[in-house]
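Single-structure report; data block below.
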Amino acid sequence: MMEWNKLTTRNIAEDEKEYFHGGIEFIWEGKTPNIDEEVLVYNPNTQSIYTDKWIDYFEGIGFENTDEDVIFWMSYPKPPKEMEK
């Protein structure tokens with residue numbers, strides 16, 4: 001059974017800024033999709049479900065078309081196996 005994965009953002013802590021070289025202001029917390037994976041996204045603010053792609057911006061990672069602090073995502077289900085006759 002497929003489940004929704006919750007992702008939230010949080011600001012970078014002072015002791016983490018050196019690790020991220022000052023280029024990133026927040027990080028995602030929670031299980032993330034694979035880079036370049038297209039997934040279903042649920043936006044609780046608009047209560048809509050749509051597809052988006054998890055990408056590497058080279059200065060951070062995130063969804064290509066979603067800019068929210070809290071979202072839910074789910075991988076596409078695998079196609080059914082053909083039934084043997």
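In the structure tokens, each chain is lettered A, B, ... as it comes, each chain's residues begin at 1, and ligands are numbered from 1 in order of appearance.
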
Taking 5 positions as the minimum chain separation for residues in the same chain, which residues sit within 8 Å of segment 30-47 of chain A when counting only C-alpha atoms? Answer as a list in words. Asn5, Lys6, Leu7, Thr8, Asp52, Lys53, Trp54, Ile55, Asp56, Glu68, Val70, Ile71, Phe72, Trp73, Met74, Ser75 and Tyr76 of chain A

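Relative to atom CA of Tyr50 of chain A, atom CA of Pro80 of chain A is found at 21.8 Å.
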
Between atom CA of Phe26 of chain A and atom CA of Glu59 of chain A, what is the distance, to one decimal in Å?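 Taking atom CA of Phe26 of chain A as the start and atom CA of Glu59 of chain A as the end point, the length is 11.3 Å.
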
With DSSP run on the backbone, what are the helix (DSSP H, G or I) residues within chain A? I'd like them as a list in words.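 Answer for chain A restricted to helix (DSSP H, G or I) is Glu14, Asp15, Glu16 and Lys17 of chain A.
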
Can you work out the spacing between atom CA of Gly62 of chain A and atom CA of Trp4 of chain A in Å, to one decimal?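 Separation of atom CA of Gly62 of chain A and atom CA of Trp4 of chain A: 16.8 Å.
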
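The smallest atom-to-atom distance between Ile27 of chain A and any of A:Ile61, A:Glu14, A:Thr9, A:Pro79, using only C-alpha atoms, is found for A:Thr9.
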
Per-residue DSSP, chain A, filtered to strand (DSSP E), as JSON, numbers by chain: {"A": [5, 6, 7, 8, 9, 10, 11, 26, 27, 28, 29, 38, 39, 40, 41, 42, 43, 48, 49, 50, 51, 52, 53, 54, 55, 56, 61, 62, 63, 70, 71, 72, 73, 74, 75]}

Find the residue from A:Glu29, A:Thr66, A:Glu18, A:Gly60 that sits nearest to Ser48 of chain A; use only C-alpha atoms when measuring.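 The closest residue to Ser48 of chain A is A:Thr66.
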